[in-house]
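Shown below: structure-v6.json, with JSON, C-alpha atoms and all ligand atoms.
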```json
[["chain", "number", "residue", "atom", "x", "y", "z"],
["A", 101, "MET", "CA", 0.00, 0.00, 0.00],
["A", 102, "ARG", "CA", 1.76, 3.17, -1.27],
["A", 103, "ARG", "CA", 0.51, 6.35, 0.37],
["A", 104, "VAL", "CA", 0.72, 9.51, -1.75],
["A", 105, "ILE", "CA", 0.37, 13.04, -0.38],
["A", 106, "THR", "CA", -0.14, 16.31, -2.25],
["A", 107, "PHE", "CA", -0.89, 19.90, -1.26],
["A", 108, "GLY", "CA", -2.70, 22.82, -2.81],
["A", 109, "THR", "CA", -5.32, 25.52, -2.56],
["A", 110, "PHE", "CA", -7.60, 24.01, -5.23],
["A", 111, "ASP", "CA", -9.63, 27.23, -5.53],
["A", 112, "LEU", "CA", -12.23, 27.30, -8.34],
["A", 113, "PHE", "CA", -11.61, 23.59, -8.95],
["A", 114, "HIS", "CA", -10.63, 23.08, -12.59],
["A", 115, "TYR", "CA", -9.29, 20.51, -15.08],
["A", 116, "GLY", "CA", -5.63, 21.07, -14.07],
["A", 117, "HIS", "CA", -6.54, 20.20, -10.49],
["A", 118, "LEU", "CA", -8.38, 17.09, -11.62],
["A", 119, "GLN", "CA", -5.38, 15.97, -13.69],
["A", 120, "ILE", "CA", -2.89, 16.26, -10.83],
["A", 121, "LEU", "CA", -5.20, 14.35, -8.46],
["A", 122, "ARG", "CA", -5.76, 11.61, -11.04],
["A", 123, "ARG", "CA", -2.05, 11.27, -11.77],
["A", 124, "ALA", "CA", -1.09, 11.42, -8.09],
["A", 125, "LYS", "CA", -3.50, 8.58, -7.34],
["A", 126, "GLU", "CA", -2.08, 6.51, -10.24],
["A", 127, "ILE", "CA", 1.39, 6.76, -8.67],
["A", 128, "GLY", "CA", 0.22, 4.94, -5.53],
["A", 129, "ASP", "CA", -2.81, 3.40, -3.83],
["A", 130, "PHE", "CA", -4.06, 5.90, -1.25],
["A", 131, "LEU", "CA", -4.21, 9.66, -1.92],
["A", 132, "ILE", "CA", -4.06, 12.23, 0.89],
["A", 133, "VAL", "CA", -4.60, 15.92, 0.07],
["A", 134, "GLY", "CA", -3.59, 18.89, 2.23],
["A", 135, "ILE", "CA", -5.82, 21.87, 1.42],
["A", 136, "SER", "CA", -4.27, 25.30, 2.13],
["A", 137, "SER", "CA", -6.36, 26.89, 4.88],
["A", 138, "ASP", "CA", -7.86, 30.32, 4.19],
["A", 139, "SER", "CA", -5.36, 31.96, 6.54],
["A", 140, "LEU", "CA", -2.38, 30.16, 4.97],
["A", 141, "ASN", "CA", -3.61, 31.34, 1.58],
["A", 142, "PHE", "CA", -3.87, 34.91, 2.78],
["A", 143, "SER", "CA", -0.32, 34.82, 4.10],
["A", 144, "LYS", "CA", 0.96, 33.15, 0.87],
["A", 145, "LYS", "CA", -0.92, 35.15, -1.79],
["A", 146, "GLY", "CA", -2.18, 38.26, 0.00],
["A", 147, "ARG", "CA", -5.81, 37.41, -0.71],
["A", 148, "TYR", "CA", -8.43, 34.94, 0.44],
["A", 149, "PRO", "CA", -9.52, 32.23, -2.02],
["A", 150, "ILE", "CA", -12.87, 32.67, -3.79],
["A", 151, "TYR", "CA", -14.18, 29.47, -2.19],
["A", 152, "THR", "CA", -13.86, 29.01, 1.59],
["A", 153, "GLN", "CA", -11.68, 26.23, 2.97],
["A", 154, "MET", "CA", -14.81, 24.28, 3.92],
["A", 155, "GLU", "CA", -16.10, 24.49, 0.33],
["A", 156, "ARG", "CA", -12.69, 23.59, -1.16],
["A", 157, "LYS", "CA", -12.32, 20.65, 1.23],
["A", 158, "SER", "CA", -15.82, 19.34, 0.43],
["A", 159, "ILE", "CA", -15.14, 19.50, -3.33],
["A", 160, "ILE", "CA", -11.81, 17.64, -3.01],
["A", 161, "GLU", "CA", -13.40, 15.03, -0.74],
["A", 162, "ALA", "CA", -16.00, 14.36, -3.44],
["A", 163, "CYS", "CA", -13.29, 13.63, -6.04],
["A", 164, "LYS", "CA", -13.12, 9.88, -6.67],
["A", 165, "TYR", "CA", -9.31, 9.81, -6.73],
["A", 166, "VAL", "CA", -9.01, 11.26, -3.21],
["A", 167, "ASP", "CA", -9.06, 9.13, -0.06],
["A", 168, "TYR", "CA", -8.40, 11.64, 2.72],
["A", 169, "VAL", "CA", -8.32, 15.45, 3.06],
["A", 170, "PHE", "CA", -6.97, 17.73, 5.79],
["A", 171, "TYR", "CA", -6.19, 21.45, 6.16],
["A", 172, "GLU", "CA", -2.59, 22.60, 5.62],
["A", 173, "GLU", "CA", -2.23, 25.37, 8.20],
["A", 174, "SER", "CA", 1.43, 26.30, 7.60],
["A", 175, "LEU", "CA", 4.02, 25.69, 4.87],
["A", 176, "GLU", "CA", 6.60, 25.00, 7.59],
["A", 177, "LEU", "CA", 4.64, 21.95, 8.76],
["A", 178, "LYS", "CA", 5.09, 19.94, 5.52],
["A", 179, "ARG", "CA", 7.59, 17.54, 7.08],
["A", 180, "GLN", "CA", 5.31, 16.99, 10.05],
["A", 181, "TYR", "CA", 2.29, 16.34, 7.78],
["A", 182, "CYS", "CA", 4.24, 13.85, 5.65],
["A", 183, "LEU", "CA", 5.28, 11.97, 8.78],
["A", 184, "GLU", "CA", 1.88, 12.18, 10.45],
["A", 185, "TYR", "CA", 0.07, 10.82, 7.37],
["A", 186, "LYS", "CA", 2.84, 8.26, 6.73],
["A", 187, "ALA", "CA", 3.35, 9.43, 3.15],
["A", 188, "ASP", "CA", 5.60, 7.28, 0.94],
["A", 189, "ILE", "CA", 5.50, 9.78, -1.94],
["A", 190, "LEU", "CA", 4.98, 13.54, -2.15],
["A", 191, "VAL", "CA", 3.58, 14.66, -5.51],
["A", 192, "MET", "CA", 3.49, 18.33, -6.60],
["A", 193, "GLY", "CA", 3.10, 20.17, -9.90],
["A", 194, "ASP", "CA", 6.36, 21.18, -11.58],
["A", 195, "ASP", "CA", 5.81, 24.85, -10.69],
["A", 196, "TRP", "CA", 7.17, 23.65, -7.33],
["A", 197, "THR", "CA", 10.24, 21.83, -8.74],
["A", 198, "GLY", "CA", 13.03, 21.68, -6.18],
["A", 199, "CYS", "CA", 10.99, 23.28, -3.39],
["A", 200, "PHE", "CA", 10.40, 20.10, -1.42],
["A", 201, "ASP", "CA", 13.60, 18.17, -2.14],
["A", 202, "ASN", "CA", 14.53, 18.61, 1.53],
["A", 203, "LEU", "CA", 11.83, 16.04, 2.35],
["A", 204, "SER", "CA", 13.42, 13.31, 0.23],
["A", 205, "ASP", "CA", 14.94, 11.76, 3.38],
["A", 206, "ILE", "CA", 11.44, 10.77, 4.56],
["A", 207, "CYS", "CA", 9.55, 10.21, 1.29],
["A", 208, "GLU", "CA", 10.02, 10.08, -2.46],
["A", 209, "VAL", "CA", 9.42, 13.55, -3.97],
["A", 210, "ILE", "CA", 7.92, 13.67, -7.47],
["A", 211, "TYR", "CA", 7.10, 16.79, -9.51],
["A", 212, "ILE", "CA", 4.73, 16.25, -12.40],
["A", 213, "PRO", "CA", 4.11, 18.59, -15.35],
["A", 214, "ARG", "CA", 1.37, 21.15, -14.83],
["A", 215, "THR", "CA", -1.58, 21.03, -17.19],
["A", 216, "PRO", "CA", -0.90, 23.86, -19.67],
["A", 217, "SER", "CA", -3.10, 26.92, -20.22],
["A", 218, "ILE", "CA", -5.31, 26.68, -17.16],
["A", 219, "SER", "CA", -5.13, 28.23, -13.71],
["A", 220, "THR", "CA", -7.41, 29.76, -11.09],
["A", 221, "THR", "CA", -5.93, 33.19, -11.87],
["A", 222, "GLN", "CA", -6.66, 32.80, -15.60],
["A", 223, "ILE", "CA", -10.26, 31.78, -14.86],
["A", 224, "ILE", "CA", -10.75, 34.84, -12.65],
["A", 225, "GLU", "CA", -9.30, 37.07, -15.42],
["A", 226, "LYS", "CA", -11.52, 35.48, -18.08],
["A", 227, "ILE", "CA", -14.67, 36.02, -16.02],
["A", 228, "ARG", "CA", -13.66, 39.65, -15.30],
["A", 229, "ILE", "CA", -13.39, 40.54, -19.02],
["A", 301, "LIG", "N1", -1.75, 22.38, -10.99],
["A", 301, "LIG", "C1", -1.49, 21.73, -12.19],
["A", 301, "LIG", "N2", -1.86, 22.28, -13.38],
["A", 301, "LIG", "C2", -2.49, 23.48, -13.41],
["A", 301, "LIG", "C3", -2.76, 24.15, -12.22],
["A", 301, "LIG", "C4", -2.39, 23.60, -11.01],
["A", 301, "LIG", "O1", -0.90, 20.62, -12.20],
["A", 301, "LIG", "N3", -2.81, 23.99, -14.60],
["A", 301, "LIG", "C5", -1.31, 21.78, -9.74],
["A", 301, "LIG", "C6", -0.28, 22.64, -8.98],
["A", 301, "LIG", "O2", 1.01, 22.42, -9.51],
["A", 301, "LIG", "C7", -0.43, 22.12, -7.57],
["A", 301, "LIG", "C8", -1.92, 21.72, -7.52],
["A", 301, "LIG", "O3", -2.40, 21.66, -8.85],
["A", 301, "LIG", "O4", 0.38, 20.97, -7.36],
["A", 301, "LIG", "C9", -2.74, 22.74, -6.74],
["A", 301, "LIG", "O5", -2.57, 23.99, -7.35],
["A", 301, "LIG", "P1", -2.89, 25.33, -6.54],
["A", 301, "LIG", "O6", -4.25, 25.26, -5.99],
["A", 301, "LIG", "O7", -2.49, 26.49, -7.37],
["A", 301, "LIG", "O8", -1.91, 25.14, -5.30],
["A", 301, "LIG", "P2", -0.89, 26.15, -4.72],
["A", 301, "LIG", "O9", -1.58, 27.41, -4.32],
["A", 301, "LIG", "O10", 0.30, 26.18, -5.60],
["A", 301, "LIG", "O11", -0.56, 25.46, -3.31],
["A", 301, "LIG", "O12", 2.15, 23.85, 0.00],
["A", 301, "LIG", "C10", 2.07, 24.06, -1.35],
["A", 301, "LIG", "C11", 0.85, 24.82, -1.66],
["A", 301, "LIG", "O13", -0.17, 24.50, -0.78],
["A", 301, "LIG", "C12", 0.48, 24.60, -3.11]]
```
Encoding of this model in structure tokens:
Amino acid sequence: MRRVITFGTFDLFHYGHLQILRRAKEIGDFLIVGISSDSLNFSKKGRYPIYTQMERKSIIEACKYVDYVFYEESLELKRQYCLEYKADILVMGDDWTGCFDNLSDICEVIYIPRTPSISTTQIIEKIRI
């Protein structure tokens, strides 16, 4: 049983999010997702997500590839989360390449290509126009 963990905000859930969850699940057997809390998001991006953490968590929980969801409260706790959830593999999109290599002593760290031409920011911009 290979346990995979991934992290993200997953605001305005879109096809790129679906792809990374599908591919992360294919890499192992059990997929755990850490959802950035609203306050973590504010500290990271200077704004709150469009959807609340409760809404984002409920949407991710409903995704068939996902087995367990929790709130990521701080970027500094990544090591602790990986240990707590007994992750064998950490999967992130390749916009994060290199950022989590320091965790490779406790789990395998894999960066997979982002889905091109889609992002929450682009969706917000498109709706604004
Ligand atoms: N993603 C992707 N393709 C896209 C958009 C996003 O593969 N077109 C991936 C990202 O690389 C990330 C995941 O989907 O692995 C979630 O993306 P975001 O919600 O933008 O997550 P982010 O705010 O980068 O939070 O601790 C790390 C952070 O919590 C990651």
Checklist entry - Which distance in Å separates atom C1 of ligand LIG 301 (chain A) and atom CA of A:Thr221, to one decimal? => result 12.3 Å
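For the set A:Arg179, A:Ala187, A:Glu161, A:Glu155, the residue with the smallest atom-to-atom gap to A:Asp129 is A:Ala187, counting all atoms listed in the file.
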For chain A against ligand LIG 301 (chain A), with a cut-off of 6 Å and counting all atoms listed in the file, what is the closest atom pair and its distance in Å to one decimal for every residue that makes the cut, ordered by chain and number, as JSON lines?
```
{"residue": "A:Phe107", "atom": "CA", "partner": "A:LIG301", "partner_atom": "O13", "distance": 4.7}
{"residue": "A:Gly108", "atom": "CA", "partner": "A:LIG301", "partner_atom": "O11", "distance": 3.4}
{"residue": "A:Thr109", "atom": "CA", "partner": "A:LIG301", "partner_atom": "O6", "distance": 3.6}
{"residue": "A:Phe110", "atom": "CA", "partner": "A:LIG301", "partner_atom": "O6", "distance": 3.7}
{"residue": "A:Asp111", "atom": "CA", "partner": "A:LIG301", "partner_atom": "O6", "distance": 5.7}
{"residue": "A:Gly116", "atom": "CA", "partner": "A:LIG301", "partner_atom": "C2", "distance": 4.0}
{"residue": "A:His117", "atom": "CA", "partner": "A:LIG301", "partner_atom": "O3", "distance": 4.7}
{"residue": "A:Ile120", "atom": "CA", "partner": "A:LIG301", "partner_atom": "O1", "distance": 5.0}
{"residue": "A:Ser136", "atom": "CA", "partner": "A:LIG301", "partner_atom": "O13", "distance": 5.1}
{"residue": "A:Leu175", "atom": "CA", "partner": "A:LIG301", "partner_atom": "O12", "distance": 5.5}
{"residue": "A:Met192", "atom": "CA", "partner": "A:LIG301", "partner_atom": "O4", "distance": 4.1}
{"residue": "A:Gly193", "atom": "CA", "partner": "A:LIG301", "partner_atom": "O2", "distance": 3.1}
{"residue": "A:Asp194", "atom": "CA", "partner": "A:LIG301", "partner_atom": "O2", "distance": 5.9}
{"residue": "A:Asp195", "atom": "CA", "partner": "A:LIG301", "partner_atom": "O2", "distance": 5.5}
{"residue": "A:Arg214", "atom": "CA", "partner": "A:LIG301", "partner_atom": "O1", "distance": 3.5}
{"residue": "A:Thr215", "atom": "CA", "partner": "A:LIG301", "partner_atom": "N2", "distance": 4.0}
{"residue": "A:Pro216", "atom": "CA", "partner": "A:LIG301", "partner_atom": "N3", "distance": 5.4}
{"residue": "A:Ile218", "atom": "CA", "partner": "A:LIG301", "partner_atom": "N3", "distance": 4.5}
{"residue": "A:Ser219", "atom": "CA", "partner": "A:LIG301", "partner_atom": "N3", "distance": 4.9}
```
Box in all listed atoms of stretch 176-186 of chain A, axis-aligned, with 4 Å more on each side; write out centre and edge lengths in Å to one decimal as JSON.
```
{"center_x": 3.8, "center_y": 16.6, "center_z": 8.0, "size_x": 15.5, "size_y": 24.7, "size_z": 12.9}
```
Checklist entry - Quick one: distance from atom CA of A:Met101 to atom CA of A:Leu183 in Å, one decimal? => result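 If I compute the distance from atom CA of A:Met101 to atom CA of A:Leu183, I get 15.8 Å.
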Is there a way to get, as a PDB file with C-alpha atoms, keeping the file's coordinate frame, all residues within 9 Å of the point (-11.6, 29.3, -0.1) in file coordinates, counting all atoms listed in the file?
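Contents of selection.pdb, as written:
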```
ATOM      1  CA  THR A 109      -5.320  25.520  -2.560  1.00  0.00           C
ATOM      2  CA  PHE A 110      -7.600  24.010  -5.230  1.00  0.00           C
ATOM      3  CA  ASP A 111      -9.630  27.230  -5.530  1.00  0.00           C
ATOM      4  CA  LEU A 112     -12.230  27.300  -8.340  1.00  0.00           C
ATOM      5  CA  SER A 136      -4.270  25.300   2.130  1.00  0.00           C
ATOM      6  CA  SER A 137      -6.360  26.890   4.880  1.00  0.00           C
ATOM      7  CA  ASP A 138      -7.860  30.320   4.190  1.00  0.00           C
ATOM      8  CA  ASN A 141      -3.610  31.340   1.580  1.00  0.00           C
ATOM      9  CA  TYR A 148      -8.430  34.940   0.440  1.00  0.00           C
ATOM     10  CA  PRO A 149      -9.520  32.230  -2.020  1.00  0.00           C
ATOM     11  CA  ILE A 150     -12.870  32.670  -3.790  1.00  0.00           C
ATOM     12  CA  TYR A 151     -14.180  29.470  -2.190  1.00  0.00           C
ATOM     13  CA  THR A 152     -13.860  29.010   1.590  1.00  0.00           C
ATOM     14  CA  GLN A 153     -11.680  26.230   2.970  1.00  0.00           C
ATOM     15  CA  MET A 154     -14.810  24.280   3.920  1.00  0.00           C
ATOM     16  CA  GLU A 155     -16.100  24.490   0.330  1.00  0.00           C
ATOM     17  CA  ARG A 156     -12.690  23.590  -1.160  1.00  0.00           C
ATOM     18  CA  LYS A 157     -12.320  20.650   1.230  1.00  0.00           C
TER      19      LYS A 157
END
```
Item to check | A:Ile105 surroundings by only C-alpha atoms, 7 Å radius, close-in-sequence under 5 positions cut, as a list in words | outcome: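 Listed by chain and then number, they are Leu131, Ile132, Val133, Ala187, Ile189, Leu190 and Val191 of chain A.
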C-alpha atoms of the current selection, written as a compact mmCIF listing (two decimals), in the coordinates of the input:
```
# COMPACT_ATOMS: atom_id res chain seq x y z
CA LEU A 131 -4.21 9.66 -1.92
CA ILE A 132 -4.06 12.23 0.89
CA VAL A 133 -4.60 15.92 0.07
CA ALA A 187 3.35 9.43 3.15
CA ILE A 189 5.50 9.78 -1.94
CA LEU A 190 4.98 13.54 -2.15
CA VAL A 191 3.58 14.66 -5.51
```
Item to check | Separation of atom CA of A:Arg102 from atom CA of A:Gly128 in Å | outcome: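 Distance between the two atoms: 4.9 Å.
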Item to check | Residue nearest A:Val166 among A:Phe200, A:Lys125, A:Gly134, A:Arg103 (counting only C-alpha atoms) | outcome: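 Looking only at the distances to A:Val166, the closest residue turns out to be A:Lys125.
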Checklist entry - Which of these residues is nearest to A:Arg123, using all atoms listed in the file: A:Val104, A:Phe170, A:Val209, A:Ile229? => result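 Closest to A:Arg123, using all atoms listed in the file: A:Val104.
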Next on the checklist: Using only C-alpha atoms, which protein or nucleic acid residues come within 12 Å of A:Asn202? Drop anything in the same chain fewer than 4 positions from it, and give the result as a PyMOL selection string.
Outcome noted: chain A and resi 176+178-179+190+197-198+206-209
Restricted to C-alpha atoms, what would the selected residues look like written as a CSV table (one decimal), in the frame of the given file?
```
chain,number,residue,atom,x,y,z
A,176,GLU,CA,6.6,25.0,7.6
A,178,LYS,CA,5.1,19.9,5.5
A,179,ARG,CA,7.6,17.5,7.1
A,190,LEU,CA,5.0,13.5,-2.2
A,197,THR,CA,10.2,21.8,-8.7
A,198,GLY,CA,13.0,21.7,-6.2
A,206,ILE,CA,11.4,10.8,4.6
A,207,CYS,CA,9.6,10.2,1.3
A,208,GLU,CA,10.0,10.1,-2.5
A,209,VAL,CA,9.4,13.6,-4.0
```
